[in-house]
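**Student:** Sharing target-v7.cif here; it has mmCIF, C-alpha atoms and all ligand atoms.
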```cif
data_target
#
loop_
_atom_site.label_atom_id
_atom_site.label_comp_id
_atom_site.auth_asym_id
_atom_site.auth_seq_id
_atom_site.Cartn_x
_atom_site.Cartn_y
_atom_site.Cartn_z
CA MET L 1 -6.34 16.06 -12.30
CA LYS L 2 -6.00 12.65 -10.67
CA THR L 3 -4.28 11.79 -7.38
CA ILE L 4 -1.38 9.37 -7.12
CA VAL L 5 -0.33 8.21 -3.65
CA ALA L 6 2.94 6.40 -2.91
CA ASN L 7 2.94 3.93 -0.03
CA TRP L 8 6.58 3.12 0.70
CA LYS L 9 5.62 0.74 3.53
CA MET L 10 8.68 -0.15 5.69
CA ASN L 11 11.27 0.51 3.00
CA GLY L 12 13.99 2.99 2.18
CA GLY L 13 16.53 5.27 3.75
CA HIS L 14 17.36 8.94 3.36
CA VAL L 15 19.15 8.48 -0.01
CA LEU L 16 16.11 6.79 -1.55
CA ALA L 17 13.80 9.39 0.03
CA HIS L 18 15.71 12.20 -1.72
CA ALA L 19 15.60 10.33 -5.05
CA LEU L 20 11.87 9.59 -4.82
CA ALA L 21 10.99 13.15 -3.78
CA ALA L 22 13.01 14.46 -6.75
CA ALA L 23 11.23 12.02 -9.08
CA SER L 24 7.83 13.26 -7.88
CA THR L 25 7.88 16.53 -9.84
CA PRO L 26 6.80 17.72 -12.31
CA SER L 27 3.45 15.98 -12.67
CA LYS L 28 0.01 16.88 -13.98
CA HIS L 29 -1.37 14.80 -11.10
CA LYS L 30 -1.63 15.51 -7.38
CA ILE L 31 1.18 13.48 -5.81
CA ILE L 32 1.23 12.39 -2.16
CA LEU L 33 4.21 10.51 -0.70
CA CYS L 34 3.75 8.32 2.38
CA PRO L 35 7.23 7.38 3.61
CA PRO L 36 8.06 5.64 6.89
CA LEU L 37 7.90 8.18 9.73
CA THR L 38 11.68 8.31 10.10
CA LEU L 39 11.98 9.59 6.53
CA LEU L 40 9.37 12.36 6.69
CA SER L 41 12.00 15.04 7.28
CA HIS L 42 14.12 13.69 4.38
CA THR L 43 11.21 13.79 1.92
CA LYS L 44 11.13 17.43 0.92
CA GLY L 45 9.17 19.59 -1.51
CA VAL L 46 6.19 17.22 -1.82
CA THR L 47 2.83 16.64 -0.14
CA LEU L 48 3.33 14.13 2.68
CA GLY L 49 1.14 11.49 4.24
CA ALA L 50 1.60 8.84 6.92
CA GLN L 51 0.80 5.14 6.60
CA ASP L 52 -1.16 4.86 9.85
CA CYS L 53 -1.89 6.72 13.09
CA SER L 54 -2.78 5.87 16.68
CA ALA L 55 -6.38 5.35 17.75
CA GLU L 56 -5.62 7.45 20.84
CA HIS L 57 -5.04 11.17 21.24
CA LYS L 58 -2.04 10.96 23.59
CA GLY L 59 -0.66 9.18 26.62
CA ALA L 60 0.89 5.87 27.67
CA TYR L 61 0.86 4.10 24.28
CA THR L 62 4.51 3.13 23.76
CA GLY L 63 5.53 3.09 20.12
CA ASP L 64 2.39 4.80 18.84
CA VAL L 65 2.30 8.14 17.00
CA SER L 66 -0.77 10.35 17.22
CA ALA L 67 -2.57 12.09 14.37
CA ALA L 68 -1.70 15.47 15.90
CA MET L 69 2.00 14.52 15.95
CA LEU L 70 1.83 13.52 12.28
CA LYS L 71 0.24 16.84 11.44
CA GLU L 72 3.00 18.66 13.32
CA ALA L 73 5.62 16.58 11.45
CA GLY L 74 4.27 17.90 8.13
CA CYS L 75 1.76 15.22 7.09
CA GLU L 76 -1.38 16.39 5.34
CA TRP L 77 -2.79 12.90 4.79
CA VAL L 78 -2.92 9.53 6.51
CA ILE L 79 -3.63 6.09 5.07
CA LEU L 80 -6.02 4.11 7.29
CA GLY L 81 -7.25 0.52 7.11
CA HIS L 82 -4.54 -0.78 4.77
CA SER L 83 -4.97 -4.53 4.35
CA GLU L 84 -1.51 -5.12 5.85
CA ARG L 85 -2.65 -3.33 9.04
CA ARG L 86 -5.89 -5.34 9.04
CA GLN L 87 -3.90 -8.58 8.55
CA HIS L 88 -0.75 -8.13 10.65
CA HIS L 89 -2.19 -5.92 13.41
CA GLN L 90 -5.71 -7.34 13.53
CA GLU L 91 -7.22 -3.92 12.84
CA THR L 92 -11.01 -4.05 12.91
CA ASP L 93 -13.48 -1.69 11.27
CA ALA L 94 -14.29 -0.34 14.75
CA LEU L 95 -10.63 0.51 15.41
CA ILE L 96 -10.26 2.05 11.95
CA GLN L 97 -13.35 4.19 12.57
CA ARG L 98 -11.78 5.45 15.82
CA LYS L 99 -8.55 6.33 13.99
CA LEU L 100 -10.57 8.06 11.30
CA ASP L 101 -12.40 10.21 13.87
CA ILE L 102 -9.15 11.21 15.55
CA ALA L 103 -7.36 11.91 12.25
CA SER L 104 -10.27 14.09 11.06
CA ALA L 105 -10.27 16.00 14.34
CA SER L 106 -6.54 16.64 13.79
CA HIS L 107 -7.29 18.02 10.30
CA LEU L 108 -5.51 15.22 8.45
CA GLY L 109 -6.92 14.14 5.09
CA ILE L 110 -7.81 10.46 5.05
CA ILE L 111 -7.19 7.71 2.52
CA LEU L 112 -9.34 4.79 3.67
CA CYS L 113 -8.36 1.42 2.16
CA VAL L 114 -10.95 -1.25 1.46
CA GLY L 115 -10.89 -4.45 -0.56
CA GLU L 116 -11.67 -8.13 -0.58
CA SER L 117 -9.36 -11.15 -0.16
CA LEU L 118 -8.82 -13.72 -2.89
CA ALA L 119 -11.21 -16.19 -1.22
CA GLU L 120 -13.87 -13.48 -0.93
CA HIS L 121 -13.27 -12.47 -4.55
CA GLU L 122 -13.62 -16.06 -5.75
CA ALA L 123 -16.78 -16.51 -3.68
CA GLY L 124 -18.34 -13.48 -5.41
CA LYS L 125 -18.46 -11.55 -2.12
CA ALA L 126 -16.34 -8.52 -3.07
CA GLU L 127 -19.19 -6.00 -2.93
CA ASP L 128 -20.52 -7.39 0.39
CA ILE L 129 -17.07 -7.09 1.97
CA VAL L 130 -16.45 -3.57 0.71
CA LYS L 131 -19.96 -2.49 1.78
CA LYS L 132 -19.25 -3.79 5.29
CA GLN L 133 -15.88 -2.00 5.42
CA LEU L 134 -17.66 1.24 4.49
CA SER L 135 -20.66 0.73 6.75
CA PHE L 136 -19.52 3.14 9.48
CA LEU L 137 -19.42 6.02 7.01
CA PRO L 138 -22.48 8.20 6.47
CA ARG L 139 -23.73 8.37 2.89
CA HIS L 140 -23.07 12.11 2.94
CA LEU L 141 -19.75 12.96 4.53
CA PRO L 142 -19.78 15.88 6.99
CA PRO L 143 -17.92 19.08 6.01
CA THR L 144 -15.21 18.14 8.55
CA MET L 145 -14.31 15.23 6.24
CA ARG L 146 -13.80 17.26 3.09
CA HIS L 147 -10.35 15.76 2.56
CA PHE L 148 -11.31 12.14 2.28
CA MET L 149 -10.61 9.47 -0.33
CA ILE L 150 -11.28 5.76 -0.55
CA ALA L 151 -8.66 3.41 -2.03
CA TYR L 152 -10.10 0.23 -3.51
CA GLU L 153 -7.32 -2.30 -3.05
CA PRO L 154 -8.28 -5.92 -3.71
CA VAL L 155 -5.97 -7.80 -1.32
CA TRP L 156 -5.20 -10.41 -4.00
CA ALA L 157 -3.82 -7.67 -6.28
CA ILE L 158 -1.42 -6.15 -3.73
CA GLY L 159 2.18 -6.98 -4.56
CA THR L 160 1.15 -9.95 -6.71
CA GLY L 161 1.32 -8.56 -10.24
CA LEU L 162 -2.36 -9.47 -10.64
CA THR L 163 -4.93 -6.78 -11.38
CA PRO L 164 -8.69 -6.87 -11.86
CA THR L 165 -9.96 -6.16 -15.36
CA ASN L 166 -10.73 -2.52 -16.14
CA GLU L 167 -14.41 -3.47 -16.09
CA GLN L 168 -14.09 -5.03 -12.61
CA ILE L 169 -12.32 -1.89 -11.34
CA ASP L 170 -15.00 0.34 -12.84
CA THR L 171 -17.84 -1.75 -11.40
CA MET L 172 -16.39 -1.63 -7.90
CA HIS L 173 -15.58 2.08 -8.07
CA GLN L 174 -19.16 2.82 -9.14
CA PHE L 175 -20.42 0.59 -6.31
CA ILE L 176 -18.30 2.53 -3.78
CA LYS L 177 -19.52 5.87 -5.14
CA ALA L 178 -23.08 4.62 -4.71
CA GLN L 179 -22.36 4.00 -0.99
CA VAL L 180 -20.62 7.30 -0.25
CA ALA L 181 -21.70 10.43 -2.10
CA ASP L 182 -19.17 12.63 -3.90
CA VAL L 183 -16.15 10.62 -2.83
CA LYS L 184 -12.91 10.21 -4.74
CA VAL L 185 -11.92 6.58 -5.26
CA LEU L 186 -8.34 5.52 -5.98
CA TYR L 187 -7.36 2.12 -7.32
CA GLY L 188 -4.48 0.20 -5.68
CA GLY L 189 -2.91 -3.18 -6.40
CA SER L 190 0.05 -3.89 -8.70
CA VAL L 191 -0.04 -0.47 -10.38
CA LYS L 192 3.05 -0.11 -12.57
CA PRO L 193 4.33 2.15 -15.37
CA GLU L 194 2.91 -0.39 -17.83
CA ASN L 195 -0.71 -0.18 -16.59
CA ILE L 196 -1.05 3.26 -14.95
CA GLN L 197 -2.34 5.02 -18.06
CA GLU L 198 -5.13 2.58 -18.81
CA ILE L 199 -6.17 2.47 -15.15
CA LEU L 200 -6.26 6.27 -14.84
CA ALA L 201 -8.27 6.42 -18.08
CA ILE L 202 -11.22 4.65 -16.40
CA PRO L 203 -13.63 7.55 -15.66
CA SER L 204 -14.62 6.23 -12.19
CA VAL L 205 -10.94 6.04 -11.15
CA ASP L 206 -9.85 9.27 -9.47
CA GLY L 207 -6.27 8.16 -8.98
CA ALA L 208 -4.00 5.37 -7.79
CA LEU L 209 -2.34 4.09 -4.62
CA VAL L 210 1.03 2.59 -5.51
CA GLY L 211 3.15 0.30 -3.32
CA GLY L 212 6.07 -1.61 -4.88
CA ALA L 213 6.54 0.62 -7.93
CA SER L 214 6.63 3.73 -5.72
CA ILE L 215 10.03 2.82 -4.24
CA ASP L 216 11.79 2.34 -7.58
CA PRO L 217 12.80 5.87 -8.67
CA SER L 218 12.69 5.14 -12.40
CA ALA L 219 9.33 3.33 -12.26
CA TRP L 220 7.94 6.02 -9.96
CA LYS L 221 9.06 8.82 -12.31
CA LYS L 222 7.21 7.13 -15.18
CA ILE L 223 4.06 6.80 -13.06
CA VAL L 224 4.26 10.44 -11.93
CA GLN L 225 4.69 11.57 -15.55
CA SER L 226 1.92 9.33 -16.91
C1 LIG Y 301 -0.34 -1.23 -1.48
O1 LIG Y 301 0.25 -1.90 -0.65
O2 LIG Y 301 -1.09 -0.32 -1.11
C2 LIG Y 301 -0.15 -1.53 -2.89
C3 LIG Y 301 -1.02 -1.07 -3.75
O3 LIG Y 301 0.94 -2.30 -3.21
P1 LIG Y 301 1.43 -2.74 -4.69
O4 LIG Y 301 1.36 -1.52 -5.57
O5 LIG Y 301 2.84 -3.22 -4.49
O6 LIG Y 301 0.51 -3.83 -5.15
#
```
Here is the file; what I need is its structure written in the form of structure tokens.

**Tutor:**
Amino acid sequence: MKTIVANWKMNGGHVLAHALAAASTPSKHKIILCPPLTLLSHTKGVTLGAQDCSAEHKGAYTGDVSAAMLKEAGCEWVILGHSERRQHHQETDALIQRKLDIASASHLGIILCVGESLAEHEAGKAEDIVKKQLSFLPRHLPPTMRHFMIAYEPVWAIGTGLTPTNEQIDTMHQFIKAQVADVKVLYGGSVKPENIQEILAIPSVDGALVGGASIDPSAWKKIVQS
């Protein structure tokens, strides 16, 4: 069984949430939906995740939502280190590590996103960048981090319609698995109904993280049923 995660980003309303939740079953895969926080209670009958969490436990942090609050709101998972958070909110590896520690302590499963930019890709630095983004993780994850996945998302493939070759995906997934023992690695970046099957067929790919196609009910249904 592979895992398919939907990242709705800042999209949708309660009507779309109902449609996407309905389109998420049946599936032979493990499906996790990550809606905006305001739609969590409208996204029923599925495993839920959040798209981010605070780096603090509680207190005077206006606008932030803690990992414990997400857990109480029904989330089992949280996406951390998405490239849009790194880019638009200047999230550093140190901040992401802090969020990861707090999310683990709150018993949330973690989907940690890593991936290189186009310039880094073209300069042949993809593995160096990903290695650095993973450097705060121990090679053997502690038992407290049993629910942990890495999403390899080359920034140049997100929302662009571009994807690495299957061989490039496989090489990077094997590289990541050599850094962190026994970890599941998802691929993300322009996954669509047209390419999901061949991507999931790569043995080192344990699943997919889907953005744009996860908010189109008919495309999402095809992905879920792939
Ligand atoms: C993402 O933002 O995590 C993502 C993979 O987006 P898309 O599928 O639209 O490329």

**Student:** Residues near L:Ala21, anyone? I mean within 10 Å using only C-alpha atoms, not counting same-chain ones fewer than 4 positions away, as a VMD selection string.

**Tutor:** chain L and resid 16 to 17 25 32 to 33 42 to 47 217 220 to 221

**Student:** Select the residues contacting ligand LIG 301 (chain Y) at a distance of at most 8 Å, based on all atoms listed in the file, then format the selection as number ranges by chain.

**Tutor:** L: 7, 9, 82-84, 153, 157-161, 187-192, 209-214

**Student:** Quote the spacing between atom CA of L:Lys2 and atom CA of L:Leu200 in Å to one decimal place.

**Tutor:**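 Computing the Euclidean distance for atom CA of L:Lys2 and atom CA of L:Leu200 yields 7.6 Å.
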
**Student:** Taking all atoms listed in the file into account, name the residue in L:Pro164, L:Pro138, L:Gly13, L:Gly81 that is nearest to L:Leu112.

**Tutor:**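 For L:Leu112, the nearest of the candidates is L:Gly81.
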
**Student:** I need the residue nearest L:Leu48 from this list: L:Gln179, L:Ser106, L:Thr62, L:Ser24. Use all atoms listed in the file for the distance.

**Tutor:** L:Ser24

**Student:** Would you compute the box with edges along x, y and z of the file around stretch 86-99 of chain L, including every atom the file lists for it and 8 Å extra on each side, and give its centre and edge lengths in Å to one decimal, as JSON?

**Tutor:**
```
{"center_x": -7.5, "center_y": -1.1, "center_z": 12.2, "size_x": 29.5, "size_y": 30.9, "size_z": 23.3}
```

**Student:** So how far away is atom CA of L:Phe175 from atom CA of L:Glu91, in Å?

**Tutor:** 23.7 Å

**Student:** Provide the atom CA of L:Lys132 to atom CA of L:Thr92 distance in Å, to one decimal place.

**Tutor:**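 Calculated distance between atom CA of L:Lys132 and atom CA of L:Thr92 is 11.2 Å.
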
**Student:** Please write as number ranges by chain the list of polymer residues whose atoms come within 9 Å of (-9.8, 5.1, -3.2), counting all atoms listed in the file and keeping to the coordinates of the file.

**Tutor:** L: 111-114, 149-153, 173, 176, 183-188, 205-209
